[in-house]
Number of protein chains: 2
Amino acid sequence: MSDYPSIVLEQAVNQMASLPGVGKRTALRLVLHLLRQSDQDVEAFAGAFTRLKKDIVYCRECHNISDSDICPICASTRRDHTTICVVENVQDVMSIENTGQYTGVYHVLGGVISPMEGIGPKDIEIDSLVERVAKEEIREVILALPTTMEGDTTNFYIYRRLQNAQLQQLPCISQIARGVAVGNQLEYTDEITLGRSIVNRTEFKA
Amino acid sequence: MSDYPSIVLEQAVNQMASLPGVGKRTALRLVLHLLRQSDQDVEAFAGAFTRLKKDIVYCRECHNISDSDICPICASTRRDHTTICVVENVQDVMSIENTGQYTGVYHVLGGVISPMEGIGPKDIEIDSLVERVAKEEIREVILALPTTMEGDTTNFYIYRRLQNAQLQQLPCISQIARGVAVGNQLEYTDEITLGRSIVNRTEFKA
């Protein structure tokens, strides 16, 4: 698949193949699909990404993606502004919102601490979280980071930072429950998860 | 995944998800990847598709995608212009070129006859093929369409059209060999293919 009949075609395929998980063959198929669409449709397709990069801003409170200086969740008076849920990225906000179980606000770190990838505490929004907790009246900080080594490290780092921040009142710091996923068989659950689910058992309510 | 935190993000995700085989979740992942790239990179990404639609032309001879009025293959004096290989689309041209086994020129139909999809002989480049065979001195027409019902129908239609075209000299009409793929086990080859490979056996040359 090295010789494309056209340079503009090749450039479009290369751009499409620059997306993660899209190979050259898939890229060609997608580009030829676009080529069959109307001029307006292709214009709209390309325009959406230019606009995305130009118009998107990050909420000054929670650092989530937003259309304006303050995101709808932070601007809402119906949300509980004394509870902050700390997440890694935008997708996590959307996933938690979809559960319909959370009424507080968020803080999007934009990553987790990962020495392997060279991401330190200064590269993600931890300072702004500590500032926020110090400035506002926060009752609870919920750590909802991924259950990985990096997530755990970041949880621990945030915990220590908040403890050392000499706050007037330290908020309650919690983390999301880890255990056997709903619908899962015990025999197929990994040992660490199953072990934790026993250690962190909760009172049965009928 | 219904509530995006931003309208421009949602629009970009919707555009990305309009590509075949790309779901909303994947689209979001791809769009967030783009968002992490530099302004120039996103500009180049979007620009490639606008340019694609604006600048691409089709070769007036073979109807393949091209940067100019005549594609490099049709313009080449090193190709055998008396042999035309009829294919469905651009990918097929690229695949055959990659074999390095073909030195003739092509004719890209842009589809195959498919009553189910409402594609008739007038919707694809069959008239131009017949004209081309009538006008130029063509010795062989190789039918290299997909081995499907639609491909077979199109093969047969082209064969009849060329026979009825009252050409000075009817070119040899051939089709690509169908049989057991190289490296395949006989037991896993479907019956029709295996049956044809026996009927259309060729002389063994040591």
# chains A, B, ... in the order shown; residues from 1 in each chain; ligands from 1
>>> interface_residues(of="chain B", to="chain A", cutoff="6 Å", atoms="only C-alpha atoms", output="count of residues only")
12
>>> residues_around(residues="Ile176 (chain B)", least_positions_apart="5", cutoff="12 Å", atoms="only C-alpha atoms", output="compact mmCIF listing (two decimals) with N, CA and C atoms, in the first residue's frame")
# COMPACT_ATOMS: atom_id res chain seq x y z
N CYS B 85 -7.14 -3.53 -17.39
CA CYS B 85 -7.63 -4.33 -16.27
C CYS B 85 -8.80 -3.57 -15.64
N VAL B 86 -9.99 -4.20 -15.65
CA VAL B 86 -11.20 -3.56 -15.13
C VAL B 86 -11.34 -3.89 -13.65
N VAL B 87 -11.35 -2.86 -12.79
CA VAL B 87 -11.48 -3.09 -11.35
C VAL B 87 -12.63 -2.26 -10.78
N ILE B 96 -3.38 -4.44 -6.88
CA ILE B 96 -2.77 -5.09 -8.04
C ILE B 96 -1.39 -4.50 -8.32
N TYR B 102 1.66 -6.74 -12.90
CA TYR B 102 0.82 -6.22 -13.98
C TYR B 102 1.43 -4.97 -14.58
N VAL B 141 -8.88 -7.32 -22.42
CA VAL B 141 -9.59 -6.71 -21.29
C VAL B 141 -9.62 -7.76 -20.18
N ILE B 142 -8.98 -7.46 -19.05
CA ILE B 142 -8.95 -8.39 -17.92
C ILE B 142 -10.01 -7.96 -16.91
N LEU B 143 -10.96 -8.83 -16.64
CA LEU B 143 -12.00 -8.52 -15.65
C LEU B 143 -11.48 -8.93 -14.27
N ALA B 144 -11.25 -7.95 -13.41
CA ALA B 144 -10.73 -8.23 -12.05
C ALA B 144 -11.70 -7.69 -11.02
N LEU B 145 -12.96 -8.10 -11.14
CA LEU B 145 -14.00 -7.63 -10.20
C LEU B 145 -14.12 -8.63 -9.04
N PRO B 146 -14.76 -8.22 -7.94
CA PRO B 146 -14.86 -9.13 -6.80
C PRO B 146 -15.63 -10.40 -7.17
N THR B 147 -15.28 -11.51 -6.53
CA THR B 147 -15.92 -12.80 -6.83
C THR B 147 -17.21 -12.92 -6.04
N GLY B 151 -20.24 -8.89 -8.65
CA GLY B 151 -19.06 -8.88 -9.51
C GLY B 151 -19.30 -9.73 -10.74
N ASP B 152 -19.88 -10.92 -10.54
CA ASP B 152 -20.15 -11.83 -11.66
C ASP B 152 -21.14 -11.21 -12.64
N ASN B 155 -19.31 -8.58 -14.57
CA ASN B 155 -18.45 -9.26 -15.55
C ASN B 155 -19.25 -9.64 -16.79
N ASN B 200 -11.35 -25.65 -13.24
CA ASN B 200 -10.44 -24.75 -13.97
C ASN B 200 -8.97 -25.07 -13.72
>>> residues_around(residues="Leu162 (chain B)", least_positions_apart="2", cutoff="12 Å", atoms="only C-alpha atoms", output="list in words")
Ile126, Asp127, Ser128, Leu129, Val130, Glu131, Arg132, Val133, Ala134, Ile138, Glu140, Val141, Asn155, Phe156, Tyr157, Ile158, Tyr159, Arg160, Asn164, Ala165, Gln166, Leu167, Gln168, Gln169, Leu170, Pro171, Cys172 and Ile173 of chain B
>>> write_last_selection(atoms="C-alpha atoms", output="mmCIF file, in the first residue's frame")
data_model
loop_
_atom_site.group_PDB
_atom_site.id
_atom_site.type_symbol
_atom_site.label_atom_id
_atom_site.label_comp_id
_atom_site.auth_asym_id
_atom_site.auth_seq_id
_atom_site.Cartn_x
_atom_site.Cartn_y
_atom_site.Cartn_z
ATOM 1 C CA ILE B 126 -19.097 0.956 -18.203
ATOM 2 C CA ASP B 127 -20.022 3.230 -21.147
ATOM 3 C CA SER B 128 -16.611 4.873 -20.960
ATOM 4 C CA LEU B 129 -14.958 1.444 -20.945
ATOM 5 C CA VAL B 130 -16.790 0.388 -24.110
ATOM 6 C CA GLU B 131 -15.886 3.730 -25.748
ATOM 7 C CA ARG B 132 -12.287 3.282 -24.754
ATOM 8 C CA VAL B 133 -12.128 -0.224 -26.218
ATOM 9 C CA ALA B 134 -13.801 1.013 -29.415
ATOM 10 C CA ILE B 138 -6.991 -2.820 -27.086
ATOM 11 C CA GLU B 140 -7.004 -7.696 -23.879
ATOM 12 C CA VAL B 141 -9.591 -6.715 -21.289
ATOM 13 C CA ASN B 155 -18.449 -9.258 -15.552
ATOM 14 C CA PHE B 156 -21.209 -10.791 -17.657
ATOM 15 C CA TYR B 157 -22.746 -7.408 -18.494
ATOM 16 C CA ILE B 158 -19.385 -6.020 -19.660
ATOM 17 C CA TYR B 159 -18.750 -9.145 -21.718
ATOM 18 C CA ARG B 160 -22.107 -8.780 -23.536
ATOM 19 C CA ASN B 164 -22.514 -6.156 -29.028
ATOM 20 C CA ALA B 165 -20.404 -3.050 -29.552
ATOM 21 C CA GLN B 166 -19.592 -3.951 -33.182
ATOM 22 C CA LEU B 167 -15.908 -3.395 -32.630
ATOM 23 C CA GLN B 168 -13.495 -3.759 -35.546
ATOM 24 C CA GLN B 169 -11.695 -6.378 -33.523
ATOM 25 C CA LEU B 170 -13.061 -7.823 -30.314
ATOM 26 C CA PRO B 171 -10.266 -7.881 -27.695
ATOM 27 C CA CYS B 172 -9.545 -11.020 -25.733
ATOM 28 C CA ILE B 173 -11.680 -10.897 -22.583
#
>>> select_by_dssp(residues="region 51-138 of chain A", states="helix (DSSP H, G or I)", output="PyMOL selection string")
chain A and resi 51-55+72-75+90-99+115-117+121-123+126-135
>>> write_last_selection(atoms="N, CA and C atoms", output="compact mmCIF listing (two decimals), in the first residue's frame")
# COMPACT_ATOMS: atom_id res chain seq x y z
N ARG A 51 -12.58 24.03 14.56
CA ARG A 51 -13.34 24.75 15.58
C ARG A 51 -13.05 24.21 16.96
N LEU A 52 -13.00 22.87 17.06
CA LEU A 52 -12.73 22.21 18.34
C LEU A 52 -11.49 22.81 18.99
N LYS A 53 -10.41 22.85 18.21
CA LYS A 53 -9.12 23.30 18.75
C LYS A 53 -9.16 24.80 19.06
N LYS A 54 -9.90 25.55 18.22
CA LYS A 54 -9.90 27.01 18.36
C LYS A 54 -10.84 27.45 19.48
N ASP A 55 -12.01 26.84 19.56
CA ASP A 55 -13.06 27.36 20.44
C ASP A 55 -13.10 26.71 21.81
N PRO A 72 -20.88 23.99 32.66
CA PRO A 72 -22.26 23.94 33.15
C PRO A 72 -22.39 23.31 34.54
N ILE A 73 -21.54 22.34 34.84
CA ILE A 73 -21.63 21.67 36.15
C ILE A 73 -21.20 22.64 37.25
N CYS A 74 -20.06 23.34 37.04
CA CYS A 74 -19.59 24.28 38.06
C CYS A 74 -20.51 25.49 38.16
N ALA A 75 -21.20 25.82 37.07
CA ALA A 75 -22.07 26.99 37.08
C ALA A 75 -23.43 26.67 37.71
N VAL A 90 -11.87 13.80 30.99
CA VAL A 90 -13.23 14.16 30.59
C VAL A 90 -14.15 12.94 30.52
N GLN A 91 -13.61 11.84 29.95
CA GLN A 91 -14.44 10.64 29.82
C GLN A 91 -14.97 10.19 31.18
N ASP A 92 -14.12 10.32 32.20
CA ASP A 92 -14.52 9.87 33.53
C ASP A 92 -15.67 10.73 34.07
N VAL A 93 -15.61 12.05 33.81
CA VAL A 93 -16.73 12.92 34.20
C VAL A 93 -18.01 12.43 33.52
N MET A 94 -17.91 12.17 32.21
CA MET A 94 -19.10 11.74 31.48
C MET A 94 -19.63 10.42 32.00
N SER A 95 -18.71 9.49 32.32
CA SER A 95 -19.13 8.18 32.83
C SER A 95 -19.86 8.34 34.16
N ILE A 96 -19.31 9.15 35.07
CA ILE A 96 -19.93 9.31 36.38
C ILE A 96 -21.26 10.06 36.24
N GLU A 97 -21.31 11.07 35.36
CA GLU A 97 -22.56 11.78 35.12
C GLU A 97 -23.65 10.82 34.64
N ASN A 98 -23.22 9.87 33.78
CA ASN A 98 -24.19 8.91 33.23
C ASN A 98 -24.80 8.00 34.28
N THR A 99 -24.10 7.81 35.41
CA THR A 99 -24.67 6.95 36.45
C THR A 99 -25.86 7.63 37.13
N PRO A 115 5.75 8.16 36.62
CA PRO A 115 7.18 8.36 36.37
C PRO A 115 7.62 7.72 35.06
N MET A 116 6.99 6.59 34.71
CA MET A 116 7.34 5.91 33.46
C MET A 116 7.10 6.79 32.24
N GLU A 117 6.03 7.57 32.27
CA GLU A 117 5.71 8.44 31.14
C GLU A 117 6.19 9.87 31.39
N PRO A 121 3.73 15.47 39.45
CA PRO A 121 2.60 16.17 40.08
C PRO A 121 2.38 17.56 39.48
N LYS A 122 3.45 18.20 38.96
CA LYS A 122 3.33 19.55 38.41
C LYS A 122 2.68 19.55 37.03
N ASP A 123 2.66 18.38 36.38
CA ASP A 123 2.11 18.31 35.02
C ASP A 123 0.60 18.14 35.01
N ILE A 126 -2.97 19.28 40.20
CA ILE A 126 -3.02 18.99 41.63
C ILE A 126 -2.92 20.28 42.44
N ASP A 127 -2.02 21.19 42.03
CA ASP A 127 -1.88 22.47 42.75
C ASP A 127 -3.24 23.19 42.80
N SER A 128 -3.91 23.22 41.64
CA SER A 128 -5.18 23.94 41.59
C SER A 128 -6.25 23.27 42.45
N LEU A 129 -6.14 21.92 42.62
CA LEU A 129 -7.07 21.21 43.51
C LEU A 129 -6.84 21.64 44.95
N VAL A 130 -5.57 21.69 45.37
CA VAL A 130 -5.25 22.06 46.75
C VAL A 130 -5.70 23.50 47.02
N GLU A 131 -5.41 24.39 46.05
CA GLU A 131 -5.87 25.78 46.15
C GLU A 131 -7.38 25.85 46.33
N ARG A 132 -8.05 25.06 45.52
CA ARG A 132 -9.50 25.07 45.54
C ARG A 132 -10.04 24.63 46.89
N VAL A 133 -9.45 23.56 47.42
CA VAL A 133 -9.89 23.05 48.72
C VAL A 133 -9.59 24.08 49.82
N ALA A 134 -8.44 24.78 49.69
CA ALA A 134 -8.06 25.78 50.69
C ALA A 134 -8.98 26.99 50.64
N LYS A 135 -9.41 27.38 49.44
CA LYS A 135 -10.15 28.61 49.22
C LYS A 135 -11.65 28.43 49.51
>>> select_by_dssp(residues="region 98-189 of chain B", states="strand (DSSP E)", output="PyMOL selection string")
chain B and resi 104-108+140-143+172-175
>>> decode(residues="region 69-89 of chain A", atoms="N, CA and C atoms", output="compact mmCIF listing (two decimals), in the first residue's frame")
# COMPACT_ATOMS: atom_id res chain seq x y z
N ASP A 69 -15.83 29.94 30.02
CA ASP A 69 -14.88 30.06 31.12
C ASP A 69 -15.24 29.16 32.31
N ILE A 70 -16.55 28.91 32.45
CA ILE A 70 -17.00 28.07 33.57
C ILE A 70 -17.96 27.03 33.00
N CYS A 71 -17.76 25.77 33.37
CA CYS A 71 -18.53 24.69 32.74
C CYS A 71 -19.94 24.62 33.35
N PRO A 72 -20.88 23.99 32.66
CA PRO A 72 -22.26 23.94 33.15
C PRO A 72 -22.39 23.31 34.54
N ILE A 73 -21.54 22.34 34.84
CA ILE A 73 -21.63 21.67 36.15
C ILE A 73 -21.20 22.64 37.25
N CYS A 74 -20.06 23.34 37.04
CA CYS A 74 -19.59 24.28 38.06
C CYS A 74 -20.51 25.49 38.16
N ALA A 75 -21.20 25.82 37.07
CA ALA A 75 -22.07 26.99 37.08
C ALA A 75 -23.43 26.67 37.71
N SER A 76 -23.76 25.38 37.80
CA SER A 76 -25.09 24.99 38.27
C SER A 76 -25.26 25.26 39.77
N THR A 77 -26.41 25.82 40.10
CA THR A 77 -26.70 26.05 41.53
C THR A 77 -27.35 24.81 42.14
N ARG A 78 -27.70 23.85 41.29
CA ARG A 78 -28.35 22.65 41.80
C ARG A 78 -27.34 21.57 42.21
N ARG A 79 -26.05 21.82 41.96
CA ARG A 79 -25.03 20.85 42.34
C ARG A 79 -24.50 21.18 43.73
N ASP A 80 -24.02 20.16 44.40
CA ASP A 80 -23.42 20.32 45.72
C ASP A 80 -21.96 20.77 45.54
N HIS A 81 -21.70 22.05 45.82
CA HIS A 81 -20.35 22.59 45.58
C HIS A 81 -19.39 22.33 46.73
N THR A 82 -19.83 21.59 47.74
CA THR A 82 -18.94 21.28 48.86
C THR A 82 -18.31 19.89 48.70
N THR A 83 -18.70 19.18 47.63
CA THR A 83 -18.13 17.86 47.37
C THR A 83 -17.41 17.89 46.02
N ILE A 84 -16.14 17.52 46.00
CA ILE A 84 -15.36 17.50 44.77
C ILE A 84 -14.96 16.07 44.45
N CYS A 85 -15.28 15.63 43.25
CA CYS A 85 -14.86 14.30 42.80
C CYS A 85 -13.65 14.48 41.88
N VAL A 86 -12.52 13.91 42.27
CA VAL A 86 -11.27 14.06 41.50
C VAL A 86 -11.17 12.93 40.48
N VAL A 87 -11.12 13.28 39.19
CA VAL A 87 -11.04 12.26 38.14
C VAL A 87 -9.85 12.54 37.23
N GLU A 88 -9.54 11.52 36.41
CA GLU A 88 -8.37 11.66 35.54
C GLU A 88 -8.70 12.53 34.32
N ASN A 89 -9.84 12.30 33.69
CA ASN A 89 -10.10 12.98 32.42
C ASN A 89 -11.60 13.20 32.15
